[in-house]
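Chemist: So I've got this file, my_file-v7.cif, and it contains mmCIF, C-alpha atoms and all ligand atoms:
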data_structure
loop_
_atom_site.label_atom_id
_atom_site.label_comp_id
_atom_site.auth_asym_id
_atom_site.auth_seq_id
_atom_site.Cartn_x
_atom_site.Cartn_y
_atom_site.Cartn_z
CA MET A 1 -31.96 -7.85 28.23
CA ASP A 2 -28.82 -9.42 26.79
CA LEU A 3 -28.96 -13.22 26.59
CA PRO A 4 -25.93 -15.50 27.02
CA VAL A 5 -24.22 -16.08 23.70
CA ASP A 6 -24.58 -19.59 22.28
CA GLN A 7 -23.50 -21.52 19.19
CA ALA A 8 -26.78 -20.89 17.32
CA PHE A 9 -26.41 -17.13 17.85
CA CYS A 10 -22.81 -17.13 16.57
CA HIS A 11 -23.85 -19.22 13.60
CA ARG A 12 -26.68 -16.84 12.66
CA LEU A 13 -24.42 -13.81 12.95
CA PRO A 14 -23.56 -12.37 9.48
CA LYS A 15 -19.79 -12.76 9.53
CA ALA A 16 -16.82 -11.42 7.58
CA GLU A 17 -13.73 -13.65 7.46
CA LEU A 18 -10.62 -11.58 6.72
CA HIS A 19 -7.82 -13.92 7.78
CA ALA A 20 -8.01 -17.37 6.21
CA HIS A 21 -5.22 -19.12 4.27
CA LEU A 22 -6.63 -21.22 1.43
CA SER A 23 -4.36 -24.28 1.74
CA GLY A 24 -4.77 -24.35 5.51
CA SER A 25 -8.54 -24.06 5.25
CA VAL A 26 -9.02 -27.34 3.35
CA ARG A 27 -10.80 -29.87 5.57
CA ARG A 28 -9.12 -33.22 6.23
CA GLU A 29 -12.09 -35.01 4.59
CA THR A 30 -11.54 -32.98 1.41
CA LEU A 31 -7.81 -33.77 1.44
CA HIS A 32 -8.70 -37.41 1.99
CA SER A 33 -11.00 -37.60 -1.03
CA ILE A 34 -8.41 -35.87 -3.23
CA TRP A 35 -5.79 -38.34 -1.96
CA GLN A 36 -8.09 -41.30 -2.68
CA ARG A 37 -8.78 -40.10 -6.21
CA LYS A 38 -5.07 -39.69 -6.85
CA GLN A 39 -4.21 -43.07 -5.39
CA ALA A 40 -6.75 -44.69 -7.72
CA LYS A 41 -4.90 -43.03 -10.61
CA GLN A 42 -1.54 -44.23 -9.25
CA GLN A 43 -0.57 -40.64 -8.35
CA CYS A 44 1.02 -39.39 -5.12
CA LEU A 45 1.80 -42.97 -4.13
CA ASP A 46 4.51 -41.80 -1.72
CA LEU A 47 2.02 -39.68 0.25
CA GLU A 48 0.41 -41.16 3.35
CA ASP A 49 -3.33 -40.98 3.91
CA PRO A 50 -3.95 -37.41 5.22
CA SER A 51 -5.89 -38.80 8.18
CA LEU A 52 -2.58 -40.35 9.30
CA ALA A 53 -0.17 -37.70 8.03
CA LEU A 54 -1.90 -34.69 9.60
CA LYS A 55 -1.96 -34.47 13.38
CA PRO A 56 -5.08 -33.48 15.28
CA ALA A 57 -5.42 -29.75 16.04
CA GLY A 58 -3.21 -28.87 19.00
CA ASP A 59 -0.76 -31.76 18.50
CA TYR A 60 1.93 -29.72 16.73
CA PRO A 61 4.74 -29.53 19.29
CA THR A 62 6.22 -26.32 17.86
CA VAL A 63 5.09 -23.65 15.47
CA VAL A 64 7.82 -24.75 13.03
CA SER A 65 6.33 -28.26 12.85
CA PHE A 66 3.02 -26.62 11.95
CA PHE A 67 4.56 -24.80 8.96
CA GLN A 68 6.07 -28.04 7.67
CA ILE A 69 2.66 -29.52 6.90
CA PHE A 70 2.35 -27.25 3.87
CA ASN A 71 5.60 -28.08 2.09
CA LYS A 72 5.77 -31.65 3.30
CA TYR A 73 2.19 -32.63 2.63
CA ILE A 74 -0.55 -30.26 1.46
CA TYR A 75 1.39 -28.68 -1.44
CA ARG A 76 2.53 -32.12 -2.63
CA LEU A 77 -1.08 -33.31 -2.70
CA LEU A 78 -2.59 -30.16 -4.25
CA ASP A 79 -0.20 -30.16 -7.20
CA ASP A 80 -2.38 -29.92 -10.30
CA ALA A 81 -5.30 -27.95 -11.71
CA GLU A 82 -7.92 -30.52 -10.70
CA SER A 83 -6.83 -30.81 -7.07
CA ILE A 84 -6.53 -27.01 -6.66
CA ALA A 85 -10.15 -26.65 -7.84
CA ASP A 86 -11.31 -29.63 -5.78
CA ALA A 87 -9.75 -28.10 -2.67
CA THR A 88 -10.94 -24.52 -3.21
CA MET A 89 -14.67 -25.07 -3.76
CA PRO A 90 -15.35 -26.99 -0.51
CA VAL A 91 -13.48 -24.28 1.42
CA LEU A 92 -16.00 -21.72 0.14
CA GLU A 93 -18.89 -24.06 0.88
CA ASP A 94 -17.66 -24.60 4.46
CA PHE A 95 -17.49 -20.84 5.10
CA ARG A 96 -20.98 -20.39 3.61
CA ILE A 97 -22.44 -23.13 5.78
CA ASP A 98 -20.91 -21.44 8.83
CA GLY A 99 -22.76 -18.20 8.07
CA VAL A 100 -19.86 -16.26 6.56
CA LYS A 101 -21.29 -13.62 4.21
CA TYR A 102 -18.04 -12.03 3.12
CA LEU A 103 -14.67 -13.67 2.67
CA GLU A 104 -11.21 -12.38 1.84
CA LEU A 105 -9.37 -15.64 1.21
CA ARG A 106 -5.61 -15.39 1.01
CA THR A 107 -3.26 -17.66 -0.86
CA THR A 108 0.42 -17.76 -1.83
CA PRO A 109 0.93 -18.15 -5.59
CA ARG A 110 2.91 -21.35 -6.24
CA ALA A 111 4.85 -22.54 -9.26
CA ILE A 112 4.21 -26.24 -9.98
CA PRO A 113 6.65 -27.23 -12.74
CA GLY A 114 5.17 -30.69 -13.63
CA PRO A 115 1.83 -29.46 -15.02
CA GLY A 116 3.44 -26.12 -16.03
CA ILE A 117 1.61 -23.97 -13.48
CA ASP A 118 3.23 -20.60 -12.75
CA TYR A 119 2.09 -17.93 -10.25
CA ALA A 120 -0.32 -16.37 -12.75
CA GLU A 121 -1.84 -19.72 -13.68
CA TYR A 122 -2.18 -20.75 -10.02
CA VAL A 123 -4.16 -17.59 -9.27
CA HIS A 124 -6.23 -18.09 -12.41
CA LEU A 125 -7.12 -21.63 -11.27
CA VAL A 126 -8.17 -20.42 -7.82
CA ARG A 127 -10.23 -17.60 -9.33
CA GLN A 128 -11.92 -19.99 -11.76
CA ALA A 129 -12.81 -22.29 -8.85
CA ILE A 130 -14.28 -19.34 -6.92
CA GLU A 131 -16.32 -18.24 -9.94
CA GLY A 132 -17.48 -21.80 -10.67
CA TRP A 133 -18.69 -22.18 -7.10
CA ASN A 134 -20.24 -18.69 -7.13
CA LEU A 135 -22.19 -19.45 -10.25
CA ALA A 136 -23.54 -22.71 -8.85
CA ARG A 137 -24.74 -20.95 -5.66
CA TYR A 138 -26.11 -17.99 -7.67
CA PHE A 139 -28.46 -20.25 -9.62
CA HIS A 140 -29.27 -22.34 -6.55
CA ASN A 141 -30.20 -19.26 -4.54
CA ALA A 142 -32.48 -17.31 -6.87
CA HIS A 143 -29.73 -15.13 -8.34
CA ASN A 144 -28.29 -13.91 -5.07
CA TYR A 145 -24.70 -14.26 -3.99
CA GLU A 146 -24.79 -15.85 -0.52
CA LEU A 147 -21.09 -15.43 0.08
CA GLU A 148 -19.02 -12.71 -1.49
CA ALA A 149 -15.49 -14.05 -1.84
CA HIS A 150 -12.37 -12.11 -2.82
CA LEU A 151 -8.68 -12.91 -2.83
CA ILE A 152 -5.59 -11.57 -1.11
CA LEU A 153 -2.28 -12.77 -2.55
CA SER A 154 0.40 -13.67 -0.02
CA VAL A 155 4.10 -13.05 -0.36
CA ASP A 156 5.96 -15.66 1.70
CA ARG A 157 8.75 -14.39 3.95
CA SER A 158 11.16 -16.87 2.30
CA MET A 159 10.63 -15.41 -1.19
CA THR A 160 13.27 -13.45 -3.06
CA LEU A 161 12.45 -9.90 -4.11
CA ALA A 162 11.94 -11.13 -7.68
CA GLN A 163 9.36 -13.68 -6.47
CA GLY A 164 7.66 -11.08 -4.27
CA MET A 165 7.49 -8.71 -7.25
CA GLU A 166 5.95 -11.47 -9.36
CA VAL A 167 3.24 -12.08 -6.73
CA VAL A 168 2.47 -8.36 -6.70
CA ASP A 169 2.39 -8.20 -10.50
CA VAL A 170 -0.09 -11.08 -10.55
CA ALA A 171 -2.14 -9.30 -7.86
CA ILE A 172 -2.19 -6.12 -9.95
CA ALA A 173 -3.24 -8.08 -13.05
CA ASN A 174 -6.12 -9.63 -11.05
CA GLN A 175 -7.54 -6.48 -9.48
CA ALA A 176 -10.29 -6.40 -12.10
CA LEU A 177 -13.13 -8.89 -12.51
CA LEU A 178 -12.15 -12.01 -14.47
CA GLU A 179 -14.95 -11.26 -16.95
CA PRO A 180 -18.30 -9.45 -16.85
CA GLY A 181 -20.64 -11.18 -14.42
CA CYS A 182 -17.86 -12.43 -12.17
CA ALA A 183 -17.87 -11.39 -8.53
CA SER A 184 -14.40 -11.85 -7.10
CA ARG A 185 -11.25 -9.75 -7.35
CA VAL A 186 -7.82 -9.54 -5.77
CA LEU A 187 -8.10 -6.82 -3.14
CA GLY A 188 -4.72 -6.82 -1.51
CA VAL A 189 -1.38 -8.35 -0.66
CA ASP A 190 -0.22 -10.11 2.52
CA LEU A 191 3.14 -11.05 4.04
CA CYS A 192 2.97 -14.52 5.58
CA GLY A 193 5.10 -17.62 6.20
CA ASN A 194 7.29 -19.05 8.89
CA PRO A 195 8.15 -16.14 11.21
CA SER A 196 11.56 -17.60 12.02
CA VAL A 197 12.63 -16.67 8.47
CA THR A 198 14.22 -13.21 8.76
CA PRO A 199 14.95 -10.56 7.58
CA ILE A 200 12.08 -9.36 5.41
CA SER A 201 13.34 -5.89 4.48
CA HIS A 202 14.38 -7.01 0.96
CA LEU A 203 10.64 -7.37 0.16
CA ALA A 204 9.88 -3.67 0.78
CA PRO A 205 9.93 -2.66 -2.94
CA ALA A 206 7.31 -5.32 -3.73
CA PHE A 207 4.92 -3.93 -1.11
CA ARG A 208 5.63 -0.39 -2.31
CA ARG A 209 4.65 -1.44 -5.83
CA ALA A 210 1.45 -3.02 -4.46
CA LYS A 211 0.56 0.14 -2.55
CA ASP A 212 1.27 2.35 -5.58
CA ALA A 213 -1.08 0.18 -7.65
CA GLY A 214 -3.92 0.74 -5.16
CA LEU A 215 -3.79 -2.68 -3.51
CA ASN A 216 -4.47 -2.97 0.22
CA ILE A 217 -1.76 -4.30 2.51
CA THR A 218 -1.93 -6.68 5.45
CA VAL A 219 1.09 -8.30 7.11
CA HIS A 220 1.62 -11.08 9.63
CA PHE A 221 2.93 -9.02 12.51
CA ALA A 222 4.81 -9.94 15.70
CA GLU A 223 3.83 -13.62 15.58
CA THR A 224 6.87 -14.87 17.49
CA PRO A 225 9.56 -13.12 19.57
CA THR A 226 12.05 -13.58 16.67
CA SER A 227 9.79 -11.67 14.27
CA SER A 228 9.00 -8.93 16.81
CA THR A 229 12.18 -6.87 16.88
CA ASP A 230 11.70 -3.10 16.67
CA THR A 231 13.59 -3.22 13.37
CA GLU A 232 11.16 -5.67 11.77
CA LEU A 233 8.00 -4.10 13.19
CA GLU A 234 9.03 -0.59 12.17
CA GLU A 235 9.92 -1.88 8.71
CA LEU A 236 6.45 -3.41 8.41
CA PHE A 237 4.75 -0.18 9.52
CA ALA A 238 6.68 1.58 6.72
CA TRP A 239 4.83 -0.63 4.22
CA SER A 240 1.57 1.15 5.27
CA PRO A 241 -0.56 -1.86 6.17
CA SER A 242 -4.20 -1.15 6.97
CA ARG A 243 -4.47 -4.45 8.85
CA LEU A 244 -2.12 -6.61 10.91
CA GLY A 245 -2.37 -10.39 11.35
CA HIS A 246 -1.96 -11.96 14.81
CA ALA A 247 -0.09 -9.01 16.44
CA ILE A 248 0.99 -11.06 19.45
CA HIS A 249 4.30 -9.67 20.78
CA VAL A 250 3.77 -5.97 20.15
CA PRO A 251 5.76 -3.73 22.53
CA PRO A 252 3.78 -0.94 24.30
CA HIS A 253 5.26 1.94 22.26
CA LEU A 254 4.09 0.23 19.05
CA ILE A 255 0.63 -0.52 20.46
CA GLU A 256 0.21 3.27 20.45
CA VAL A 257 1.20 3.40 16.77
CA VAL A 258 -1.49 0.82 15.91
CA GLN A 259 -4.04 2.90 17.80
CA SER A 260 -3.03 6.22 16.26
CA LYS A 261 -3.01 4.89 12.70
CA ASP A 262 -6.38 3.12 13.22
CA ILE A 263 -4.94 -0.18 11.95
CA ALA A 264 -7.29 -3.16 12.28
CA LEU A 265 -6.18 -6.40 13.94
CA GLU A 266 -6.91 -9.81 12.44
CA LEU A 267 -6.94 -12.08 15.50
CA CYS A 268 -7.15 -15.87 15.44
CA LEU A 269 -7.78 -17.34 18.89
CA SER A 270 -7.75 -21.10 18.22
CA CYS A 271 -4.79 -20.90 15.86
CA ASN A 272 -2.68 -19.00 18.39
CA VAL A 273 -3.59 -21.13 21.40
CA LEU A 274 -3.40 -24.52 19.63
CA SER A 275 -0.18 -23.76 17.75
CA LYS A 276 1.30 -22.40 21.00
CA LEU A 277 2.07 -19.01 19.51
CA THR A 278 0.54 -17.58 22.70
CA GLU A 279 1.11 -18.72 26.25
CA GLY A 280 -1.74 -19.85 28.45
CA GLY A 281 -5.29 -20.50 27.36
CA PHE A 282 -8.03 -18.62 25.53
CA ALA A 283 -8.65 -16.24 28.42
CA ASP A 284 -5.00 -15.10 28.21
CA HIS A 285 -5.21 -14.31 24.49
CA HIS A 286 -4.17 -10.79 23.44
CA PHE A 287 -7.66 -10.30 21.97
CA GLY A 288 -8.53 -8.88 25.42
CA MET A 289 -5.65 -6.39 25.33
CA TRP A 290 -6.45 -5.06 21.82
CA ARG A 291 -10.16 -4.84 22.60
CA ASN A 292 -9.51 -2.97 25.85
CA ASN A 293 -7.30 -0.56 23.91
CA GLY A 294 -10.28 0.27 21.69
CA CYS A 295 -8.69 -1.13 18.50
CA LYS A 296 -10.68 -2.48 15.56
CA VAL A 297 -10.62 -6.30 15.77
CA ALA A 298 -11.61 -8.86 13.12
CA LEU A 299 -11.73 -12.45 14.36
CA GLY A 300 -10.42 -15.00 11.85
CA THR A 301 -9.81 -18.72 11.58
CA ASP A 302 -6.33 -18.66 9.98
CA ASP A 303 -6.28 -22.35 9.00
CA VAL A 304 -9.63 -23.94 9.82
CA GLY A 305 -8.58 -27.22 8.12
CA VAL A 306 -5.78 -27.58 10.65
CA PHE A 307 -7.26 -26.01 13.81
CA GLU A 308 -10.82 -27.22 13.18
CA SER A 309 -12.54 -24.21 14.70
CA ALA A 310 -15.04 -22.50 12.39
CA LEU A 311 -15.47 -18.71 12.50
CA SER A 312 -18.75 -19.03 14.43
CA ASN A 313 -16.83 -20.99 17.06
CA GLU A 314 -14.18 -18.26 17.25
CA TYR A 315 -16.97 -15.79 18.14
CA LEU A 316 -18.30 -18.23 20.71
CA LEU A 317 -14.82 -18.64 22.25
CA ALA A 318 -14.38 -14.87 22.44
CA ALA A 319 -17.79 -14.51 24.07
CA LYS A 320 -17.15 -17.31 26.54
CA HIS A 321 -13.63 -16.38 27.63
CA PHE A 322 -14.06 -12.60 27.62
CA GLY A 323 -17.62 -12.47 28.97
CA LEU A 324 -19.15 -10.80 25.91
CA SER A 325 -22.89 -10.19 25.69
CA GLU A 326 -24.91 -10.73 22.50
CA GLY A 327 -24.71 -7.01 21.79
CA GLU A 328 -20.95 -7.02 22.20
CA VAL A 329 -20.59 -10.01 19.87
CA VAL A 330 -22.66 -8.18 17.26
CA GLY A 331 -20.33 -5.20 17.73
CA LEU A 332 -17.35 -7.49 17.14
CA ALA A 333 -18.85 -8.89 13.92
CA ARG A 334 -19.58 -5.33 12.74
CA SER A 335 -16.02 -4.34 13.52
CA ALA A 336 -14.72 -7.12 11.23
CA ILE A 337 -17.01 -5.97 8.41
CA SER A 338 -15.81 -2.39 8.81
CA ALA A 339 -12.20 -3.57 8.34
CA ALA A 340 -13.00 -5.30 5.02
CA TRP A 341 -11.67 -4.02 1.71
CA ALA A 342 -14.50 -4.47 -0.81
CA GLY A 343 -15.60 -0.84 -0.68
CA LYS A 344 -17.85 1.34 1.47
CA GLU A 345 -21.08 0.67 -0.38
CA ARG A 346 -20.72 -3.10 -0.12
CA MET A 347 -19.76 -2.87 3.55
CA MET A 348 -22.80 -0.70 4.32
CA LYS A 349 -25.00 -3.39 2.74
CA LEU A 350 -23.42 -6.06 4.91
CA LEU A 351 -23.81 -3.93 8.02
CA ASP A 352 -27.52 -3.55 7.13
CA GLU A 353 -27.91 -7.30 7.65
CA PHE A 354 -27.72 -6.69 11.41
CA SER A 355 -30.80 -4.48 11.51
C1 LIG B 1 0.21 -19.19 12.43
N1 LIG B 1 -0.38 -18.86 11.21
C2 LIG B 1 0.32 -18.53 10.09
N2 LIG B 1 1.30 -17.59 10.13
C3 LIG B 1 1.99 -17.27 8.98
N3 LIG B 1 1.73 -17.84 7.80
C4 LIG B 1 0.77 -18.77 7.75
C5 LIG B 1 0.03 -19.16 8.88
N4 LIG B 1 -0.85 -20.11 8.51
C6 LIG B 1 -0.66 -20.32 7.18
N5 LIG B 1 0.33 -19.53 6.74
C7 LIG B 1 0.88 -19.42 5.38
O1 LIG B 1 -0.11 -19.82 4.45
C8 LIG B 1 0.38 -20.86 3.61
C9 LIG B 1 -0.73 -21.86 3.32
O2 LIG B 1 -1.76 -21.31 2.56
P1 LIG B 1 -1.63 -20.87 1.02
O3 LIG B 1 -0.73 -21.86 0.34
O4 LIG B 1 -1.04 -19.51 1.03
O5 LIG B 1 -3.02 -20.93 0.49
C10 LIG B 1 1.54 -21.49 4.41
O6 LIG B 1 2.52 -22.02 3.58
C11 LIG B 1 2.08 -20.33 5.22
O7 LIG B 1 3.06 -19.66 4.50
#
Before anything else, please render the file you have as structure tokens.
Ligand SMILES: CNc1ncnc2c1ncn2[C@@H]1O[C@H](COP(=O)(O)O)[C@@H](O)[C@H]1O

Modeler:
Amino acid sequence: MDLPVDQAFCHRLPKAELHAHLSGSVRRETLHSIWQRKQAKQQCLDLEDPSLALKPAGDYPTVVSFFQIFNKYIYRLLDDAESIADATMPVLEDFRIDGVKYLELRTTPRAIPGPGIDYAEYVHLVRQAIEGWNLARYFHNAHNYELEAHLILSVDRSMTLAQGMEVVDVAIANQALLEPGCASRVLGVDLCGNPSVTPISHLAPAFRRAKDAGLNITVHFAETPTSSTDTELEELFAWSPSRLGHAIHVPPHLIEVVQSKDIALELCLSCNVLSKLTEGGFADHHFGMWRNNGCKVALGTDDVGVFESALSNEYLLAAKHFGLSEGEVVGLARSAISAAWAGKERMMKLLDEFS
């Protein structure tokens, strides 16, 4: 008999997180301690305490105000090698504690002129932080990796083609392990950023280069009505993505394309409801529509630092608002794992954890 799904069950579930933005996944407490350290060193003196500067989840009046928190606050605080490392490691630890076994963390390479950080160096710093954390857990846990973490590099919609190309070149250069014994790699490229920034067609050659180099492609798709024109959505399909993020305002004739191409959907319930990208509450979320259409769904947190709903809670919300049984929630977690990019063998091992 199937029992009602509860928090403990969703926590125990071996989970794959495929849609999480690094800078949006940093907890407020982590930002606060980085801010305190910097204040003590007389740095970032013009930045308010993050507990005052960042609104509670759900208090962003528009989706545009949500995007401003990155440029106006988080990027200004995380502006050197130390703070990038200090932000990245707790993000991994938070996912591990929540029972995430496999993570594809995405981040947008940033150039930070002061300390001389370019896109390649930014990615190197994030990779070093991942490997440092990995190593600590490896020795703590009798030489087993508890969380396998990889990277996806994001191209922001506002980038020029030259910047997009540079992101892809850095992604290509980071497809291999950093050094023998390391565990993480760059697996793919994403298109993200404020969906009111259009058009995006100038970025096509960058995604073509990524595809040609064997990188996987995911794109933020149909997040707002402005970014859901047939022209944009057909352009994005031409980039051959194997996954789509959010997929909110997809017209019926393109729903069929998603089905026929077996594209997986990365769906983020709390993010969409709290940032008002969707209308209504959780029960109105398009998760129900995609699931009923038999599409492969991977639940994700998007920006857990902002929306404060861990992946286990996203499974609980789906179960609660869509009446899922324990067996159906397990099926959902397996569906996320089957959409991951780390290779068949690795995915089979993760799927074994359910037996
Ligand atoms: C509604 N959800 C979303 N839709 C689109 N893009 C989003 C996003 N949430 C976050 N980002 C993108 O991720 C960047 C922050 O992380 P990284 O600096 O890359 O690690 C933001 O600047 C934004 O471009």

Chemist: Between A:Gln39, A:Thr30, A:Ser270, A:Asn134, which has the minimum distance to ligand LIG 1 (chain B) (counting only C-alpha atoms and all ligand atoms)?

Modeler: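 Going through A:Gln39, A:Thr30, A:Ser270, A:Asn134 one by one, the smallest distance to ligand LIG 1 (chain B) is for A:Ser270.
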
Chemist: I'd like the neighbourhood of range 108-115 of chain A as an NGL selection string, where a residue qualifies if any of its atoms comes within 10 Å (using only C-alpha atoms), though same-chain residues fewer than 4 positions away should be ignored.

Modeler: :A and (21-23 or 75-76 or 78-81 or 119-124 or 126 or 152-156 or 163-164 or 166-168 or 170-171 or 189-193)

Chemist: Got a sec to check which residues sit within 10 Å of (-10.6, -30.3, -4.0), counting only C-alpha atoms, and write them as a count of residues only?

Modeler: 22

Chemist: Near range 251-268 of chain A, counting all atoms listed in the file, which residues have an atom at most 7 Å away, once you skip same-chain residues fewer than 4 positions from it, shown as a ChimeraX atom specification?

Modeler: /A:19,242-246,272,287,295-302,339

Chemist: Here is a test: counting all atoms listed in the file, which residue of A:Val63, A:Leu177, A:Val330, A:Ala204 is nearest to ligand LIG 1 (chain B)?

Modeler: A:Val63

Chemist: Give the answer as one residue: which of A:Arg208, A:Phe70, A:Asp46, A:Glu148 has the shortest atom-to-atom distance to Asn194 in chain A, using only C-alpha atoms?

Modeler: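 Result for the nearest residue to Asn194 in chain A: A:Phe70.
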
Chemist: Determine the nearest neighbour of ligand LIG 1 (chain B) from the options A:Phe207, A:Tyr102, A:Phe307, A:Phe95, counting only C-alpha atoms and all ligand atoms.

Modeler: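 Closest residue, counting only C-alpha atoms and all ligand atoms: A:Phe307.
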
Chemist: Which residue out of A:Met347, A:Leu105, A:Leu125, A:His220 has the minimum interatomic distance to Arg157 in chain A when only C-alpha atoms are used?

Modeler: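 Smallest separation from Arg157 in chain A among the options: A:His220.
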
Chemist: For Ile200 in chain A, work out the shell of residues within 9 Å, counting only C-alpha atoms and skipping chain neighbours fewer than 3 positions away, then give it as a VMD selection string.

Modeler: chain A and resid 157 to 158 197 203 to 204 232 235 to 236

Chemist: Keeping C-alpha atoms for every residue in the selection just given, could you write it to a file as a PDB file, in the coordinates of the input?

Modeler:
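Result went into selection_3.pdb, see below:
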ATOM      1  CA  ARG A 157       8.750 -14.390   3.950  1.00  0.00           C
ATOM      2  CA  SER A 158      11.160 -16.870   2.300  1.00  0.00           C
ATOM      3  CA  VAL A 197      12.630 -16.670   8.470  1.00  0.00           C
ATOM      4  CA  LEU A 203      10.640  -7.370   0.160  1.00  0.00           C
ATOM      5  CA  ALA A 204       9.880  -3.670   0.780  1.00  0.00           C
ATOM      6  CA  GLU A 232      11.160  -5.670  11.770  1.00  0.00           C
ATOM      7  CA  GLU A 235       9.920  -1.880   8.710  1.00  0.00           C
ATOM      8  CA  LEU A 236       6.450  -3.410   8.410  1.00  0.00           C
TER       9      LEU A 236
END

Chemist: Of the residues A:Ala283, A:Ala340, A:Ala333, A:Val250, which is the one nearest to Glu353 in chain A, using all atoms listed in the file?

Modeler: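 Looking at the shortest contact to Glu353 in chain A, the residue is A:Ala333.
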
Chemist: List as a PyMOL selection string the protein and nucleic acid residues near Asn216 in chain A, meaning an atom at most 8 Å away when all atoms listed in the file are counted, but skip any in the same chain fewer than 2 places from it.

Modeler: chain A and resi 187-189+210-211+214+218+241-242+341

Chemist: Counting only C-alpha atoms, which residues come within 12 Å of (-0.7, -18.1, 28.0), with the point read in the file's coordinates, and could you list them as a PyMOL selection string?

Modeler: chain A and resi 248+269+272-286

Chemist: Go ahead and compute the interatomic distance for CA of Arg12 in chain A and CA of Phe354 in chain A, in Å to one decimal.

Modeler: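 Those two atoms sit 10.3 Å apart.
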